[in-house]
Amino acid sequence: MNDKKLIVVSGPTAVGKTEIAIKLAEHFQTEIISADSRQCYREMTIGTAKPAPEELSRIKHYFINSHSITDELNAADYERLALGYCSEIFTKSDFAVVCGGTGLYIKALCEGIDDMPPVNPEVEKEVQAEFDQKGIGWLRAATDREDPEFYKGAEQQNPARLIRALVFKRSTGKSITTFRTARIKPRPFRIFKIALDLPRPVLYDRINQRVDNMIGEGLINEASSLYKWRHLKSLQTVGYSEVFEYLDGNISLEESISLIKQHTRNYAKRQLTWFRKDIQNKWFAPENLQDIITYIEEGTAE
RNA sequence: GGUACUGUGGCCGAGUGGUCAGGCACGGUUCUGCAAAAGCCGAUACACCGGUUCAAAUCCGGUCAGUACCU
């Protein structure tokens with residue numbers, strides 16, 4: 001049953017994942033599933049550093065340009081979608097390549113995410129509004145009162161987590177902790193996790209350079225055209241938020257560009273923290289394509 | 001040359017005798033429905049030399065540097 005293999009290529013932004021994934025897909029004669037929470041939006045292109053049109057035509061990519069910025073997606077949705085893409089690819093090939101920097105999505109695909117009942121959108125709106133008005137103190141007290149079991153072990157300073165738990169409790173009447181089994185779901189394929197890294201100064205140079213390229217390619221225009229959608233979750237994205245700030249006149253163009261670089265570097269650092277934690281990752285420098293292929297072929301030979 | 005003001009960690013910036021400033025950067029980190037999100041933790045200061053004092057970033061003297069004005 002383990003004759004199917006999923007090759008997962010992860011790593012920080014701008015490290016060179018796209019190119020490696022394409023070469024691996026060509027070598028193993030298969031297709032690519034993106035694991036990037038932003039490249040799936042067809043309205044955002046320059047700022048998300050999507051594969052070039054030429055690359056997209058060379059190898060079929062799933063979860064790229066597949067959604068609109070108005071679509072709400074989460075890790076559970078991604079798990080379902082990605083598993084579907086896998087099944088489709090595995091009808092044609094023994095290999096599939098996953099490529100992306102969204103750690104949670106990769107985890108959802110490889111290990112699964114606990115099934116949970118949906119929450120009530122009205123409750124969600126209500127809690128968010130009350131938090132906006134009354135602040136973290138209220139949120140902590142309310143969560144502690146209504147779901148003490150969760151609150152005990154929670155990140156008590158993190159509004160996002162507390163809101164989620166409180167909304168869940170109010171919507172379902174049950175504590176979110178009762179659904180959190182963290183059970184790893186079996187997958188009908190073997191997984192090879194490849195993580196790419198570069199020396200930090202080199203990576204940061206690449207990031208800075210890529211941001212300059214994005215500006216040259218028209219990021220300001222692209223973001224401007226999306227200005228009216230700025231409130232959407234999908235546009236809370238490095239490279240867009242900063243341009244919106246510029247368009248609002250809060251910062252200069254130069255400040256906006258240097259903030260994009262800075263925030264992208266911050267993001268890359270968080271990605272590295274996430275991927276380092278996953279001990280299944282086998283690390284490579286992006287120039288060592290042949291080592292990666294050898295690693296996979298030796299792993300599949302058994 | 002003279003007078004005045006200023007000199008705080010990578011940057012900004014509070015503090016004028018004895019409790020942690022703070023923010024950003026930077027580094028580390030957390031992570032099951034917004035994840036390019038959100039949160040947590042951390043090192044590095046008080047221009048230099050000397051003095052006063054139990055105690056100096058803080059007061060005094062000098063040196064250096066910068067800024068403004070004057071000649």
# chains A, B, ... in the order shown; residues from 1 in each chain; ligands from 1
call {"tool": "select_by_dssp", "arguments": {"residues": "region 76-263 of chain A", "states": "alpha helix (DSSP H)", "output": "number ranges by chain"}}
result
A: 76-90, 103-111, 121-146, 148-152, 159-172, 200-217, 219-225, 241-247, 253-263
call {"tool": "write_last_selection", "arguments": {"atoms": "C-alpha atoms", "output": "JSON list (two decimals), in the first residue's frame"}}
result
[["chain", "number", "residue", "atom", "x", "y", "z"],
["A", 76, "ALA", "CA", -8.86, 21.92, 7.59],
["A", 77, "ASP", "CA", -10.01, 23.00, 4.14],
["A", 78, "TYR", "CA", -6.47, 22.62, 2.92],
["A", 79, "GLU", "CA", -6.19, 19.12, 4.31],
["A", 80, "ARG", "CA", -9.30, 18.05, 2.43],
["A", 81, "LEU", "CA", -8.31, 19.79, -0.80],
["A", 82, "ALA", "CA", -4.72, 18.59, -0.75],
["A", 83, "LEU", "CA", -5.68, 14.99, -0.10],
["A", 84, "GLY", "CA", -7.95, 15.25, -3.12],
["A", 85, "TYR", "CA", -5.10, 16.58, -5.25],
["A", 86, "CYS", "CA", -2.92, 13.72, -4.02],
["A", 87, "SER", "CA", -5.45, 11.10, -5.04],
["A", 88, "GLU", "CA", -5.68, 12.65, -8.46],
["A", 89, "ILE", "CA", -1.94, 12.78, -8.97],
["A", 90, "PHE", "CA", -1.45, 9.25, -7.65],
["A", 103, "GLY", "CA", 3.87, 24.97, 7.99],
["A", 104, "LEU", "CA", 0.42, 24.45, 9.39],
["A", 105, "TYR", "CA", -0.94, 23.44, 6.00],
["A", 106, "ILE", "CA", 1.85, 20.94, 5.51],
["A", 107, "LYS", "CA", 1.14, 19.52, 8.92],
["A", 108, "ALA", "CA", -2.56, 19.28, 8.14],
["A", 109, "LEU", "CA", -1.80, 17.37, 4.96],
["A", 110, "CYS", "CA", 0.80, 15.03, 6.46],
["A", 111, "GLU", "CA", -0.71, 14.39, 9.87],
["A", 121, "PRO", "CA", -20.61, 32.92, 12.54],
["A", 122, "GLU", "CA", -22.91, 35.16, 14.54],
["A", 123, "VAL", "CA", -21.20, 34.17, 17.77],
["A", 124, "GLU", "CA", -17.87, 34.77, 16.11],
["A", 125, "LYS", "CA", -18.86, 38.30, 15.12],
["A", 126, "GLU", "CA", -20.23, 38.94, 18.57],
["A", 127, "VAL", "CA", -17.12, 37.81, 20.43],
["A", 128, "GLN", "CA", -14.84, 39.70, 18.08],
["A", 129, "ALA", "CA", -16.87, 42.87, 18.57],
["A", 130, "GLU", "CA", -16.85, 42.52, 22.32],
["A", 131, "PHE", "CA", -13.11, 41.93, 22.33],
["A", 132, "ASP", "CA", -12.52, 44.98, 20.15],
["A", 133, "GLN", "CA", -14.51, 47.02, 22.61],
["A", 134, "LYS", "CA", -13.42, 45.61, 25.95],
["A", 135, "GLY", "CA", -9.95, 44.30, 25.28],
["A", 136, "ILE", "CA", -7.81, 41.40, 26.38],
["A", 137, "GLY", "CA", -8.75, 41.65, 30.05],
["A", 138, "TRP", "CA", -12.35, 40.93, 29.31],
["A", 139, "LEU", "CA", -11.43, 38.14, 26.88],
["A", 140, "ARG", "CA", -9.24, 36.40, 29.44],
["A", 141, "ALA", "CA", -11.85, 36.64, 32.17],
["A", 142, "ALA", "CA", -14.62, 35.40, 29.89],
["A", 143, "THR", "CA", -12.57, 32.48, 28.60],
["A", 144, "ASP", "CA", -11.50, 31.52, 32.09],
["A", 145, "ARG", "CA", -15.09, 31.62, 33.27],
["A", 146, "GLU", "CA", -16.66, 29.78, 30.34],
["A", 148, "PRO", "CA", -11.54, 26.99, 32.40],
["A", 149, "GLU", "CA", -10.18, 23.69, 31.15],
["A", 150, "PHE", "CA", -8.93, 25.33, 27.99],
["A", 151, "TYR", "CA", -7.82, 28.51, 29.71],
["A", 152, "LYS", "CA", -5.58, 26.67, 32.14],
["A", 159, "PRO", "CA", -6.31, 36.95, 21.57],
["A", 160, "ALA", "CA", -6.55, 34.78, 18.47],
["A", 161, "ARG", "CA", -6.43, 31.56, 20.48],
["A", 162, "LEU", "CA", -8.75, 32.76, 23.22],
["A", 163, "ILE", "CA", -11.32, 34.05, 20.77],
["A", 164, "ARG", "CA", -11.32, 30.77, 18.91],
["A", 165, "ALA", "CA", -11.86, 28.80, 22.12],
["A", 166, "LEU", "CA", -14.56, 31.10, 23.41],
["A", 167, "VAL", "CA", -16.42, 31.14, 20.12],
["A", 168, "PHE", "CA", -16.18, 27.37, 19.97],
["A", 169, "LYS", "CA", -17.54, 26.95, 23.48],
["A", 170, "ARG", "CA", -20.42, 29.34, 22.94],
["A", 171, "SER", "CA", -21.26, 27.81, 19.57],
["A", 172, "THR", "CA", -21.13, 24.15, 20.48],
["A", 200, "ARG", "CA", 20.93, 33.71, 7.09],
["A", 201, "PRO", "CA", 22.73, 36.64, 5.39],
["A", 202, "VAL", "CA", 22.34, 34.98, 2.01],
["A", 203, "LEU", "CA", 18.67, 34.34, 2.60],
["A", 204, "TYR", "CA", 18.10, 37.91, 3.71],
["A", 205, "ASP", "CA", 19.89, 39.24, 0.63],
["A", 206, "ARG", "CA", 17.64, 37.14, -1.54],
["A", 207, "ILE", "CA", 14.58, 38.45, 0.25],
["A", 208, "ASN", "CA", 15.66, 42.07, -0.15],
["A", 209, "GLN", "CA", 16.44, 41.51, -3.80],
["A", 210, "ARG", "CA", 13.14, 39.78, -4.44],
["A", 211, "VAL", "CA", 11.19, 42.61, -2.87],
["A", 212, "ASP", "CA", 12.97, 45.09, -5.14],
["A", 213, "ASN", "CA", 12.05, 42.89, -8.07],
["A", 214, "MET", "CA", 8.41, 42.82, -6.99],
["A", 215, "ILE", "CA", 8.35, 46.60, -6.89],
["A", 216, "GLY", "CA", 9.85, 46.66, -10.38],
["A", 217, "GLU", "CA", 7.23, 44.23, -11.60],
["A", 219, "LEU", "CA", 3.55, 45.37, -6.87],
["A", 220, "ILE", "CA", 2.31, 48.86, -6.07],
["A", 221, "ASN", "CA", -0.20, 48.71, -8.91],
["A", 222, "GLU", "CA", -1.31, 45.21, -8.03],
["A", 223, "ALA", "CA", -1.85, 46.13, -4.41],
["A", 224, "SER", "CA", -3.58, 49.37, -5.35],
["A", 225, "SER", "CA", -6.06, 47.43, -7.42],
["A", 241, "SER", "CA", -0.43, 45.64, 4.06],
["A", 242, "GLU", "CA", 2.61, 47.88, 3.74],
["A", 243, "VAL", "CA", 1.51, 49.23, 0.37],
["A", 244, "PHE", "CA", -1.92, 49.98, 1.81],
["A", 245, "GLU", "CA", -0.22, 51.98, 4.54],
["A", 246, "TYR", "CA", 1.63, 53.90, 1.84],
["A", 247, "LEU", "CA", -1.58, 54.51, -0.11],
["A", 253, "LEU", "CA", 7.05, 54.64, -0.53],
["A", 254, "GLU", "CA", 10.62, 54.02, 0.64],
["A", 255, "GLU", "CA", 9.45, 53.17, 4.15],
["A", 256, "SER", "CA", 6.83, 50.87, 2.73],
["A", 257, "ILE", "CA", 9.41, 48.98, 0.68],
["A", 258, "SER", "CA", 11.83, 48.64, 3.55],
["A", 259, "LEU", "CA", 9.01, 47.42, 5.81],
["A", 260, "ILE", "CA", 8.08, 44.77, 3.25],
["A", 261, "LYS", "CA", 11.66, 43.54, 3.33],
["A", 262, "GLN", "CA", 11.79, 43.59, 7.09],
["A", 263, "HIS", "CA", 8.46, 41.81, 7.56]]
call {"tool": "closest_atom_pairs", "arguments": {"of": "chain B", "to": "chain A", "cutoff": "7 Å", "atoms": "only C-alpha atoms (C1' of nucleotides)", "output": "JSON lines"}}
result
{"residue": "B:U32", "atom": "C1'", "partner": "A:Ile113", "partner_atom": "CA", "distance": 5.7}
{"residue": "B:G33", "atom": "C1'", "partner": "A:Asn74", "partner_atom": "CA", "distance": 5.2}
{"residue": "B:C34", "atom": "C1'", "partner": "A:Lys233", "partner_atom": "CA", "distance": 5.8}
{"residue": "B:A35", "atom": "C1'", "partner": "A:Leu104", "partner_atom": "CA", "distance": 6.5}
{"residue": "B:A36", "atom": "C1'", "partner": "A:Thr237", "partner_atom": "CA", "distance": 5.0}
{"residue": "B:A38", "atom": "C1'", "partner": "A:Ala160", "partner_atom": "CA", "distance": 5.6}
{"residue": "B:G39", "atom": "C1'", "partner": "A:Asn158", "partner_atom": "CA", "distance": 4.7}
call {"tool": "residues_around", "arguments": {"residues": "U58 (chain B)", "least_positions_apart": "4", "cutoff": "12 Å", "atoms": "only C-alpha atoms (C1' of nucleotides)", "output": "compact mmCIF listing (two decimals) with N, CA and C atoms (P, O5', C5', C4', C3', O3' and C1' of nucleotides), in the first residue's frame"}}
result
# COMPACT_ATOMS: atom_id res chain seq x y z
P U B 8 23.48 59.76 22.57
O5' U B 8 23.16 58.61 23.62
C5' U B 8 24.23 57.92 24.26
C4' U B 8 23.65 56.97 25.25
C3' U B 8 22.69 55.93 24.67
O3' U B 8 23.39 54.82 24.16
C1' U B 8 21.72 56.93 26.58
P G B 15 11.94 62.87 30.53
O5' G B 15 12.71 62.10 31.69
C5' G B 15 11.97 61.44 32.72
C4' G B 15 12.87 60.44 33.43
C3' G B 15 14.10 61.04 34.11
O3' G B 15 13.78 61.50 35.42
C1' G B 15 14.70 59.10 32.87
P U B 16 14.10 63.01 35.91
O5' U B 16 14.65 62.98 37.36
C5' U B 16 15.74 62.25 37.87
C4' U B 16 16.98 63.10 37.95
C3' U B 16 16.80 64.53 38.50
O3' U B 16 17.36 64.62 39.81
C1' U B 16 18.18 64.48 36.54
P G B 17 16.86 64.34 41.15
O5' G B 17 17.64 63.02 41.54
C5' G B 17 18.97 63.05 41.87
C4' G B 17 19.54 61.67 41.65
C3' G B 17 18.93 60.60 42.54
O3' G B 17 18.67 59.44 41.76
C1' G B 17 21.26 60.83 42.97
P G B 18 17.70 58.34 41.99
O5' G B 18 18.50 57.23 42.80
C5' G B 18 19.38 56.35 42.10
C4' G B 18 19.52 55.05 42.89
C3' G B 18 18.14 54.42 43.12
O3' G B 18 18.02 53.36 42.21
C1' G B 18 19.41 54.68 45.17
P C B 46 27.76 52.17 29.41
O5' C B 46 27.45 53.72 29.63
C5' C B 46 27.51 54.61 28.52
C4' C B 46 26.19 55.37 28.42
C3' C B 46 26.24 56.76 29.04
O3' C B 46 26.19 57.67 27.96
C1' C B 46 24.22 55.61 29.56
call {"tool": "residues_around", "arguments": {"residues": "Thr30 (chain A)", "least_positions_apart": "6", "cutoff": "12 Å", "atoms": "only C-alpha atoms (C1' of nucleotides)", "output": "count of residues only"}}
result
26
call {"tool": "atom_distance", "arguments": {"atom1": "CA of Ser66 (chain A)", "atom2": "CA of Glu26 (chain A)"}}
result
21.9 Å
call {"tool": "select_by_dssp", "arguments": {"residues": "region 127-287 of chain A", "states": "strand (DSSP E)", "output": "PyMOL selection string"}}
result
chain A and resi 190-196+282-284
call {"tool": "atom_distance", "arguments": {"atom1": "C1' of C49 (chain B)", "atom2": "C1' of U63 (chain B)"}}
result
7.1 Å
call {"tool": "atom_distance", "arguments": {"atom1": "C1' of G13 (chain B)", "atom2": "C1' of G28 (chain B)"}}
result
25.3 Å
